[in-house]
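Trainee: Pasting in a structure now, in structure tokens, and then I'll have a few things to ask.
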Amino acid sequence: MEFGRVETSEINKIDFALPADGEQTKLTLKGKAAKDPKFFVGCAKWGRKEWVNLIYPPKTKEKDFLGEYVKHFNSIELNAVFYGIPKEDQILKWKEMADQRDDFLFCPKFSRAITHIKRLNNAHAETDLYLKAISQFGDKLGPCFLQLGDNFGPKNFEVLKQYLEALPRDLNLFLEVRHPDWFSVAADRKALFSLLADLKIGAAITDASGRRDCVHMELPTPKAFIRFVGNGGKFLDSSDKKRVDDWVERLQEWLSRGLEEVYFFLHQHDESDTPIIADYTIEKFNKYLKADLPRIKFLPNQGGLF
């Protein structure tokens, strides 16, 4: 992921401390702990050749990557759908490959034709096509993820409101906004997260080095959808793991106040490291959040990484 990327020389200067909870989170989480919270940890894509000999067996073909991915993770932030809505038969093939795992969920991103080209205006036909296609995931369909561009700001609030209100009420949805004014202008911030709370739509939180404002810590629903963007490489141990630890501590607090579901998706600027930080995340989720997720199964002889 390139969003929020900074020069390597700048990383050690960044304050990665998580901000205090937003006002909407205080309104949303005010009860007791949920009895059986759900945890989903995954990546943004399965098609990484760098994972062959790391978690995919030697000589695994690309067409078989998803089948191998499902053996390690219980979810995926499906970014591929952003670039073009797959045909229904393609989605059925993906679902079939994931059927080996009962708890697996696809979390498909809305198509850019809807969010970035049409900018939510007169996008009914494209939305219908997207919804019809992803319905083929059936019981493997997790929450959908609608990401707006950096230039979609509060001046477009009414367009956003009308679009969200027209969506099916039973659609499990999270929204990500990126225009800085959504976070820095108090009235616009309140209007956005209040709207999402009224519509029972979650808010994605993206934790990236160069956009600390996107770590808004606002939960309109008792569900967290976190897109963690690590720097990898030499920062894997010196920075990324500490950042995961901080998230575990905050999630522990949120769970004690009624958080019901956690979706935590790992991104790295160098994706070769992603399974390593994902496994670390699962280890900490199991230890401190009682997640009971299977650990990543690394292949032997990985250069002494573990």
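Ordering of the structure tokens sets the chain letters (A, B, ...), residue numbers begin anew at 1 in every chain, and ligands are numbered from 1 in the order given.
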Using only C-alpha atoms, which residues sit within 9 Å of stretch 161-176 of chain A once same-chain residues fewer than 5 positions away are excluded, as an MDAnalysis selection string?
Mentor: chainID A and resid 120:121 123:124 127 142:149 156 192 195:196 199:206 214 225
Trainee: Which residues in stretch 67-288 of chain A does DSSP call strand (DSSP E or B)? List them as a PyMOL selection string.
Mentor: chain A and resi 75-78+105-109+141+144-147+173-176+202-207+223-230+261-268
Trainee: For A:Asp273, please output as a ChimeraX atom specification all residues within 12 Å (counting only C-alpha atoms; exclusion window: fewer than 3 positions along the same chain).
Mentor: /A:43,48,50-51,54-55,229-237,240-241,266-270,276-280,305
Trainee: With only C-alpha atoms counted and 10 Å as the cut-off, give the residues of stretch 34-87 of chain A in contact with stretch 255-258 of chain A, each with its shortest interatomic distance in Å and the pair that gives it, as a Markdown table.
Mentor:
```
| residue | atom | partner | partner_atom | distance |
| --- | --- | --- | --- | --- |
| A:Ala34 | CA | A:Gly258 | CA | 5.2 |
| A:Lys35 | CA | A:Gly258 | CA | 9.0 |
| A:Pro37 | CA | A:Leu255 | CA | 7.8 |
```
Trainee: Print the selection's residues with N, CA, C and O atoms to a file, as a compact mmCIF listing (two decimals), in the first residue's frame.
Mentor:
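part02.txt was written with the following content:
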```txt
# COMPACT_ATOMS: atom_id res chain seq x y z
N ALA A 34 -19.08 -7.78 25.42
CA ALA A 34 -19.87 -8.75 24.67
C ALA A 34 -19.47 -10.16 25.09
O ALA A 34 -18.31 -10.42 25.43
N LYS A 35 -20.42 -11.07 25.05
CA LYS A 35 -20.15 -12.44 25.49
C LYS A 35 -19.23 -13.19 24.54
O LYS A 35 -18.39 -13.98 24.97
N PRO A 37 -17.21 -11.97 21.37
CA PRO A 37 -16.74 -11.10 20.28
C PRO A 37 -16.08 -11.91 19.18
O PRO A 37 -15.49 -12.96 19.42
```
Trainee: Could you name the residues that touch A:Ala44 at 12 Å or less, counting only C-alpha atoms, but leaving out those on the same chain fewer than 3 positions away, as an NGL selection string?
Mentor: :A and (1 or 41 or 47-48 or 66 or 69 or 73 or 75-82 or 106-109 or 145 or 226-229 or 263-269 or 271 or 274-275 or 278)
Trainee: Just the residues within 12 Å of A:Ala187, please, counting only C-alpha atoms, with nothing from its chain fewer than 6 positions along; format it as a PDB file with N, CA and C atoms, in the first residue's frame.
Mentor:
```
ATOM      1  N   PRO A 154     -16.048  17.352   3.024  1.00  0.00           N
ATOM      2  CA  PRO A 154     -17.341  17.655   3.646  1.00  0.00           C
ATOM      3  C   PRO A 154     -18.306  18.441   2.764  1.00  0.00           C
ATOM      4  N   PHE A 157     -21.087  16.356   1.573  1.00  0.00           N
ATOM      5  CA  PHE A 157     -21.807  15.622   2.616  1.00  0.00           C
ATOM      6  C   PHE A 157     -23.189  15.163   2.154  1.00  0.00           C
ATOM      7  N   ASP A 181     -10.335  17.519   6.048  1.00  0.00           N
ATOM      8  CA  ASP A 181     -11.356  18.318   6.734  1.00  0.00           C
ATOM      9  C   ASP A 181     -12.369  17.462   7.498  1.00  0.00           C
ATOM     10  N   PHE A 193     -19.760  11.260  11.591  1.00  0.00           N
ATOM     11  CA  PHE A 193     -19.842  10.073  12.433  1.00  0.00           C
ATOM     12  C   PHE A 193     -21.218   9.916  13.077  1.00  0.00           C
ATOM     13  N   SER A 194     -21.937  11.013  13.248  1.00  0.00           N
ATOM     14  CA  SER A 194     -23.326  10.915  13.715  1.00  0.00           C
ATOM     15  C   SER A 194     -24.202  10.279  12.642  1.00  0.00           C
TER      16      SER A 194
END
```
Trainee: Mind checking which residues fall within 12 Å of A:Tyr288, counting only C-alpha atoms, ignoring those fewer than 6 positions away in the same chain, and posting them as a VMD selection string?
Mentor: chain A and resid 245 to 253 255 to 256 281 to 282
Trainee: Could you save those same residues with all heavy atoms as an mmCIF file, in the first residue's frame?
Mentor:
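out-v9.cif written:
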```cif
data_model
loop_
_atom_site.group_PDB
_atom_site.id
_atom_site.type_symbol
_atom_site.label_atom_id
_atom_site.label_comp_id
_atom_site.auth_asym_id
_atom_site.auth_seq_id
_atom_site.Cartn_x
_atom_site.Cartn_y
_atom_site.Cartn_z
ATOM 1 N N ASP A 245 1.035 -3.750 19.355
ATOM 2 C CA ASP A 245 0.816 -3.852 20.804
ATOM 3 C C ASP A 245 -0.120 -2.749 21.286
ATOM 4 O O ASP A 245 -1.001 -2.990 22.129
ATOM 5 C CB ASP A 245 2.141 -3.747 21.551
ATOM 6 C CG ASP A 245 3.058 -4.941 21.321
ATOM 7 O OD1 ASP A 245 2.568 -5.981 20.846
ATOM 8 O OD2 ASP A 245 4.259 -4.815 21.617
ATOM 9 N N ASP A 246 0.070 -1.551 20.781
ATOM 10 C CA ASP A 246 -0.792 -0.433 21.185
ATOM 11 C C ASP A 246 -2.237 -0.670 20.759
ATOM 12 O O ASP A 246 -3.181 -0.355 21.499
ATOM 13 C CB ASP A 246 -0.280 0.871 20.586
ATOM 14 C CG ASP A 246 1.031 1.329 21.209
ATOM 15 O OD1 ASP A 246 1.410 0.793 22.266
ATOM 16 O OD2 ASP A 246 1.682 2.222 20.628
ATOM 17 N N TRP A 247 -2.411 -1.250 19.579
ATOM 18 C CA TRP A 247 -3.762 -1.561 19.121
ATOM 19 C C TRP A 247 -4.395 -2.643 19.998
ATOM 20 O O TRP A 247 -5.595 -2.580 20.314
ATOM 21 C CB TRP A 247 -3.750 -1.998 17.657
ATOM 22 C CG TRP A 247 -3.946 -0.849 16.723
ATOM 23 C CD1 TRP A 247 -3.044 -0.317 15.852
ATOM 24 C CD2 TRP A 247 -5.150 -0.074 16.581
ATOM 25 N NE1 TRP A 247 -3.605 0.747 15.171
ATOM 26 C CE2 TRP A 247 -4.888 0.910 15.599
ATOM 27 C CE3 TRP A 247 -6.402 -0.115 17.189
ATOM 28 C CZ2 TRP A 247 -5.854 1.850 15.210
ATOM 29 C CZ3 TRP A 247 -7.365 0.820 16.807
ATOM 30 C CH2 TRP A 247 -7.083 1.785 15.830
ATOM 31 N N VAL A 248 -3.623 -3.622 20.372
ATOM 32 C CA VAL A 248 -4.152 -4.679 21.236
ATOM 33 C C VAL A 248 -4.640 -4.082 22.556
ATOM 34 O O VAL A 248 -5.719 -4.431 23.054
ATOM 35 C CB VAL A 248 -3.080 -5.761 21.486
ATOM 36 C CG1 VAL A 248 -3.535 -6.726 22.579
ATOM 37 C CG2 VAL A 248 -2.790 -6.525 20.192
ATOM 38 N N GLU A 249 -3.871 -3.170 23.098
ATOM 39 C CA GLU A 249 -4.266 -2.524 24.354
ATOM 40 C C GLU A 249 -5.564 -1.735 24.193
ATOM 41 O O GLU A 249 -6.463 -1.800 25.035
ATOM 42 C CB GLU A 249 -3.144 -1.598 24.828
ATOM 43 C CG GLU A 249 -3.408 -0.951 26.170
ATOM 44 C CD GLU A 249 -2.235 -0.132 26.654
ATOM 45 O OE1 GLU A 249 -1.113 -0.321 26.143
ATOM 46 O OE2 GLU A 249 -2.439 0.710 27.555
ATOM 47 N N ARG A 250 -5.684 -0.999 23.079
ATOM 48 C CA ARG A 250 -6.918 -0.226 22.859
ATOM 49 C C ARG A 250 -8.109 -1.140 22.587
ATOM 50 O O ARG A 250 -9.215 -0.912 23.093
ATOM 51 C CB ARG A 250 -6.729 0.747 21.692
ATOM 52 C CG ARG A 250 -7.940 1.690 21.467
ATOM 53 C CD ARG A 250 -8.211 2.582 22.670
ATOM 54 N NE ARG A 250 -7.063 3.412 22.949
ATOM 55 C CZ ARG A 250 -6.875 4.632 22.444
ATOM 56 N NH1 ARG A 250 -7.770 5.167 21.640
ATOM 57 N NH2 ARG A 250 -5.793 5.312 22.767
ATOM 58 N N LEU A 251 -7.901 -2.180 21.804
ATOM 59 C CA LEU A 251 -8.988 -3.124 21.537
ATOM 60 C C LEU A 251 -9.443 -3.815 22.811
ATOM 61 O O LEU A 251 -10.639 -4.080 22.999
ATOM 62 C CB LEU A 251 -8.544 -4.151 20.489
ATOM 63 C CG LEU A 251 -8.393 -3.620 19.063
ATOM 64 C CD1 LEU A 251 -7.699 -4.655 18.188
ATOM 65 C CD2 LEU A 251 -9.754 -3.253 18.475
ATOM 66 N N GLN A 252 -8.516 -4.116 23.685
ATOM 67 C CA GLN A 252 -8.854 -4.729 24.967
ATOM 68 C C GLN A 252 -9.799 -3.818 25.752
ATOM 69 O O GLN A 252 -10.797 -4.272 26.338
ATOM 70 C CB GLN A 252 -7.584 -4.989 25.766
ATOM 71 C CG GLN A 252 -7.759 -5.875 26.973
ATOM 72 C CD GLN A 252 -6.413 -6.240 27.592
ATOM 73 O OE1 GLN A 252 -5.495 -5.409 27.663
ATOM 74 N NE2 GLN A 252 -6.260 -7.475 28.027
ATOM 75 N N GLU A 253 -9.505 -2.529 25.723
ATOM 76 C CA GLU A 253 -10.365 -1.557 26.401
ATOM 77 C C GLU A 253 -11.738 -1.483 25.733
ATOM 78 O O GLU A 253 -12.775 -1.485 26.402
ATOM 79 C CB GLU A 253 -9.696 -0.190 26.388
ATOM 80 C CG GLU A 253 -10.513 0.899 27.062
ATOM 81 C CD GLU A 253 -9.886 2.269 26.919
ATOM 82 O OE1 GLU A 253 -8.668 2.340 26.635
ATOM 83 O OE2 GLU A 253 -10.611 3.268 27.072
ATOM 84 N N LEU A 255 -13.221 -3.746 23.936
ATOM 85 C CA LEU A 255 -13.957 -4.990 24.174
ATOM 86 C C LEU A 255 -14.596 -4.989 25.558
ATOM 87 O O LEU A 255 -15.710 -5.503 25.742
ATOM 88 C CB LEU A 255 -13.020 -6.185 24.024
ATOM 89 C CG LEU A 255 -12.589 -6.517 22.585
ATOM 90 C CD1 LEU A 255 -11.350 -7.401 22.581
ATOM 91 C CD2 LEU A 255 -13.731 -7.186 21.819
ATOM 92 N N SER A 256 -13.933 -4.411 26.538
ATOM 93 C CA SER A 256 -14.488 -4.357 27.888
ATOM 94 C C SER A 256 -15.717 -3.461 27.964
ATOM 95 O O SER A 256 -16.514 -3.567 28.900
ATOM 96 C CB SER A 256 -13.428 -3.861 28.879
ATOM 97 O OG SER A 256 -13.178 -2.477 28.729
ATOM 98 N N THR A 281 0.385 -10.365 15.181
ATOM 99 C CA THR A 281 -0.917 -9.818 15.583
ATOM 100 C C THR A 281 -1.816 -10.911 16.142
ATOM 101 O O THR A 281 -2.459 -10.746 17.189
ATOM 102 C CB THR A 281 -1.590 -9.144 14.375
ATOM 103 O OG1 THR A 281 -0.747 -8.093 13.889
ATOM 104 C CG2 THR A 281 -2.942 -8.575 14.755
ATOM 105 N N ILE A 282 -1.874 -12.042 15.447
ATOM 106 C CA ILE A 282 -2.704 -13.157 15.910
ATOM 107 C C ILE A 282 -2.222 -13.654 17.264
ATOM 108 O O ILE A 282 -3.032 -13.933 18.161
ATOM 109 C CB ILE A 282 -2.696 -14.287 14.867
ATOM 110 C CG1 ILE A 282 -3.457 -13.843 13.609
ATOM 111 C CG2 ILE A 282 -3.298 -15.569 15.434
ATOM 112 C CD1 ILE A 282 -3.321 -14.790 12.441
#
```
Trainee: Would you please work out which residue, of A:Pro19, A:Pro58, A:Gly31, A:Pro86, is nearest to A:Ser111 when using only C-alpha atoms?
Mentor: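 Closest residue, counting only C-alpha atoms: A:Pro86.
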Trainee: Could you check the closest approach to A:Lys140 for each of A:Asp128, A:Asp99, A:Glu158, A:Glu68 and tell me which residue wins, using only C-alpha atoms?
Mentor: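 Nearest candidate to A:Lys140 out of A:Asp128, A:Asp99, A:Glu158, A:Glu68: A:Asp99.
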Trainee: So that I can check the secondary structure, give me every residue of stretch 14-261 of chain A assigned alpha helix (DSSP H) by backbone DSSP, as a PyMOL selection string.
Mentor: chain A and resi 23-28+65-69+80-83+88-98+112+124-134+157-166+181-184+186-199+235+241-256
Trainee: What is the distance, in Å and to one decimal place, between atom CA of A:Ala133 and atom CA of A:Gly153?
Mentor: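 That distance, rounded to one decimal, is 28.6 Å.
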Trainee: Quick one: of A:Lys190, A:Arg212, A:Lys223, A:Arg101, who's nearest to A:Gln24, counting only C-alpha atoms?
Mentor: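 Using only C-alpha atoms, the shortest distance to A:Gln24 belongs to A:Lys190.
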